[in-house]
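Encoded as structure tokens, the structure appears first; notes follow it.
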Amino acid sequence: MSFLKPYIRRFAALIAINGADADLNRKQVVNITYLLSAMVGIMSALVFFVYGWFTESIVHILGAMVSVIGYLLSIKGYAGCARVLFPLACATYVSICTFRFYGSDSHFAWLLIILAAYSVTGFRVDRGKAQFVVCAFALMMFAFIELFAPKTTPYASLDVRLLIALSTFVASACMIVLIAGVVVTKLRKLNEHLRYLAEVDDLTKVHNRRKVLAEAANVFADSMLSNQACCFAILDLDHFKSINDRFGHETGDLVLQKTAAVMKNTIRKSDWIGRYGGEEFVIIMSNTRTEEALKLMESVRIQISDLRLAYNGLDKKLRVTTSIGIAGVDAETQRYEQVLARADKALYQAKDQGRNQVVFAGKDMEAV
Ligand SMILES: Nc1nc2c(ncn2[C@@H]2O[C@H](COP(=O)(O)OP(=O)(O)OP(=O)(O)O)[C@@H](O)[C@H]2O)c(=O)[nH]1
């Protein structure tokens with residue numbers, strides 16, 4: 001049997017809930033399973049009541065009540081209790097109904113399939129034993145009921161058997177939809193996280209070079225198609241090496257985070273910002289004329305130079321400045337890389353002219 005273990009574990013891991021929100025998701029599965037069972041219990045009780053089968057109706061009401069108790073236990077924080085109660089309650093409910101009222105020909109025991117699904121999604125992957133026990137318990141109970149319950153009972157009319165088969169089908173379908181929902185949510189969250197990792201710079205939390213360049217290409221293509229202005233800016237912190245050398249790499253990282261936050265908070269919703277290299281950032285401004293871009297970048301420059309950063313827990317405050325080069329699309333531009341190259345040239349001019357300034361890449365490049 002032990003050779004099967006890795007395969008069982010691998011299968012369970014496919015749909016088991018893991019990750020940061022795992023406990024919350026598992027709780028949701030437990031809660032929804034209880035609500036689903038309560039719903040099945042109430043619906044069946046109503047139908048049997050209408051048919052005049054009062055004893056069955058009461059048993060179904062009791063089943064629904066146990067489900068509500070399980071749900072309340074779960075939301076009041078007794079998640080462990082709630083998780084264990086469900087398999088026991090479900091198996092008891094199915095056994096009583098099959099042995100006493102419907103007989104095994106009703107196939108009501110198939111409702112136990114919910115338990116097998118529940119065992120995989122309701123428990124943590126590392127609780128393989130609990131999953132195994134619940135799953136084995138469900139199979140055993142199923143076999144026991146199918147083998148030993150009377151095939152038909154005096155209660156079991158054709159109508160009732162049809163009704164039971166239908167409600168078992170509906171409940172199982174709901175469970176499958178629920179599990180599919182959980183798996184899809186899990187995959188979506190995983191995808192979002194992967195996209196975040198692929199697009200965001202870990203240190204500064206702005207986009208990384210790949211993402212911002214992809215957006216640069218998009219914005220450039222849009223601007224060419226719609227004949228609208230767009231501007232790219234490259235920002236480079238001044239004398240950043242000496243900040244690292246004098247105050248340490250950690251302080252350097254803090255400066256990068258704080259200055260990136262200023263840039264991010266100052267640009268507009270329609271702009272894109274990304275970390276281009278070590279202490280270099282790119283800002284992509286769609287549908288933006290030169291004057292507007294200059295104004296925006298000047299505001300970024302001033303806000304960064306006004307920052308006073310505490311470092312190493314000392315009272316002393318650190319000041320940092322930035323040089324910025326801007327370029328816009330003109331009649332000769334054919335590729336977005338050309339705009340970036342001109343912005344880079346303007347940045348070097350800003351550095352040459354004494355730093356802490358914005359330069360626009362025009363025919364006669366001048367600091368603002
Ligand atoms: N703390 C920290 N430093 C970094 C990071 N990435 C790059 N650097 C440092 O950034 C410095 C960049 O130095 P330079 O390219 O010489 O530029 P600079 O000192 O800013 O000089 P100018 O650009 O001419 O004003 C290097 O010392 C890199 O080690 C990072 O993620 N964290």
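Identifiers in the structure tokens: chain A, B, ... in order shown; residue index from 1 per chain; ligand index from 1 in order shown.
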- Task: Please check which protein, DNA or RNA residues sit within 10 Å of ligand 1, counting only C-alpha atoms and all ligand atoms, and write them as a ChimeraX atom specification.
- Result: /A:201-204,235-245,247-257,275,277-280,321-323,347-348,350-352,354-356
- Give the alpha helix (DSSP H) residues of stretch 68-120 of chain A, as DSSP finds them on the backbone, and put them as a ChimeraX atom specification. /A:68-75,79-96,113-120
Save out the residues we just selected, N, CA and C atoms, as a CSV table (one decimal), in the first residue's frame.
```
chain,number,residue,atom,x,y,z
A,68,VAL,N,-26.5,23.1,10.4
A,68,VAL,CA,-26.5,24.5,10.9
A,68,VAL,C,-25.6,24.6,12.1
A,69,ILE,N,-25.6,23.6,13.0
A,69,ILE,CA,-24.8,23.6,14.1
A,69,ILE,C,-23.3,23.6,13.7
A,70,GLY,N,-23.0,22.7,12.7
A,70,GLY,CA,-21.6,22.6,12.2
A,70,GLY,C,-21.2,23.9,11.6
A,71,TYR,N,-22.1,24.6,10.9
A,71,TYR,CA,-21.7,25.9,10.3
A,71,TYR,C,-21.4,26.9,11.4
A,72,LEU,N,-22.3,26.9,12.4
A,72,LEU,CA,-22.1,27.9,13.5
A,72,LEU,C,-20.8,27.6,14.3
A,73,LEU,N,-20.5,26.3,14.5
A,73,LEU,CA,-19.2,25.9,15.1
A,73,LEU,C,-18.0,26.5,14.3
A,74,SER,N,-18.1,26.3,13.0
A,74,SER,CA,-17.1,26.8,12.1
A,74,SER,C,-16.9,28.3,12.2
A,75,ILE,N,-18.0,29.0,12.1
A,75,ILE,CA,-17.8,30.5,12.1
A,75,ILE,C,-17.5,31.1,13.5
A,79,ALA,N,-13.1,25.5,14.2
A,79,ALA,CA,-13.0,25.0,12.9
A,79,ALA,C,-12.7,23.5,12.9
A,80,GLY,N,-11.8,23.1,13.8
A,80,GLY,CA,-11.4,21.7,13.9
A,80,GLY,C,-12.6,20.8,14.2
A,81,CYS,N,-13.4,21.2,15.2
A,81,CYS,CA,-14.6,20.4,15.5
A,81,CYS,C,-15.5,20.3,14.3
A,82,ALA,N,-15.8,21.5,13.7
A,82,ALA,CA,-16.7,21.5,12.5
A,82,ALA,C,-16.2,20.6,11.4
A,83,ARG,N,-14.9,20.6,11.2
A,83,ARG,CA,-14.3,19.8,10.1
A,83,ARG,C,-14.6,18.3,10.4
A,84,VAL,N,-14.5,17.9,11.6
A,84,VAL,CA,-14.6,16.4,11.9
A,84,VAL,C,-16.1,16.0,12.0
A,85,LEU,N,-16.9,17.0,12.5
A,85,LEU,CA,-18.3,16.6,12.7
A,85,LEU,C,-19.0,16.3,11.3
A,86,PHE,N,-18.6,17.0,10.3
A,86,PHE,CA,-19.3,16.8,9.0
A,86,PHE,C,-19.3,15.3,8.5
A,87,PRO,N,-18.1,14.7,8.4
A,87,PRO,CA,-18.1,13.3,7.9
A,87,PRO,C,-19.0,12.4,8.8
A,88,LEU,N,-19.0,12.6,10.1
A,88,LEU,CA,-19.8,11.7,11.0
A,88,LEU,C,-21.3,12.0,10.7
A,89,ALA,N,-21.6,13.3,10.7
A,89,ALA,CA,-23.0,13.6,10.6
A,89,ALA,C,-23.6,13.2,9.2
A,90,CYS,N,-22.7,13.4,8.2
A,90,CYS,CA,-23.2,13.0,6.8
A,90,CYS,C,-23.4,11.5,6.7
A,91,ALA,N,-22.4,10.7,7.2
A,91,ALA,CA,-22.6,9.3,7.2
A,91,ALA,C,-23.8,8.8,8.0
A,92,THR,N,-24.0,9.4,9.1
A,92,THR,CA,-25.1,8.9,10.0
A,92,THR,C,-26.5,9.2,9.2
A,93,TYR,N,-26.5,10.4,8.7
A,93,TYR,CA,-27.7,10.9,8.0
A,93,TYR,C,-28.1,10.0,6.8
A,94,VAL,N,-27.0,9.7,6.0
A,94,VAL,CA,-27.2,8.8,4.8
A,94,VAL,C,-27.6,7.4,5.3
A,95,SER,N,-27.0,6.9,6.3
A,95,SER,CA,-27.3,5.5,6.8
A,95,SER,C,-28.7,5.5,7.3
A,96,ILE,N,-29.1,6.4,8.2
A,96,ILE,CA,-30.5,6.3,8.7
A,96,ILE,C,-31.5,6.4,7.6
A,113,ILE,N,-20.4,10.6,-1.7
A,113,ILE,CA,-19.3,11.0,-2.6
A,113,ILE,C,-18.8,12.5,-2.2
A,114,ILE,N,-19.8,13.2,-1.6
A,114,ILE,CA,-19.5,14.5,-1.1
A,114,ILE,C,-18.3,14.5,-0.1
A,115,LEU,N,-18.3,13.4,0.7
A,115,LEU,CA,-17.3,13.2,1.7
A,115,LEU,C,-15.9,13.0,1.1
A,116,ALA,N,-15.9,12.3,0.0
A,116,ALA,CA,-14.6,12.0,-0.7
A,116,ALA,C,-14.0,13.4,-1.2
A,117,ALA,N,-14.9,14.2,-1.8
A,117,ALA,CA,-14.4,15.5,-2.3
A,117,ALA,C,-14.0,16.4,-1.1
A,118,TYR,N,-14.8,16.3,-0.1
A,118,TYR,CA,-14.6,17.2,1.1
A,118,TYR,C,-13.3,16.8,1.7
A,119,SER,N,-12.9,15.5,1.8
A,119,SER,CA,-11.7,15.1,2.4
A,119,SER,C,-10.5,15.7,1.7
A,120,VAL,N,-10.6,15.9,0.4
A,120,VAL,CA,-9.4,16.5,-0.4
A,120,VAL,C,-9.3,18.0,-0.2
```
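Between atom CA of A:Ile176 and atom CA of A:His107 lies a distance of 17.9 Å.
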- Test item, strand (DSSP E) assignment across stretch 223-285 of chain A, answer as a list in words: Cys231, Phe232, Ala233, Ile234, Leu235, Asp236, Leu237, Trp272, Ile273, Gly274, Arg275, Glu280, Phe281, Val282, Ile283, Ile284 and Met285 of chain A
- Query: Using only C-alpha atoms, which residue out of A:Ser270, A:Thr290, A:Ser57, A:Ser106 lies closest to A:Phe169?
  - Reply: A:Ser106
- Message: Which residues are close to stretch 292-309 of chain A, i.e. within 7 Å by only C-alpha atoms, leaving aside same-chain residues fewer than 2 positions away? Reply as a PyMOL selection string.
- Response: chain A and resi 231+259+262-263+266+288-290+311+317-322+358
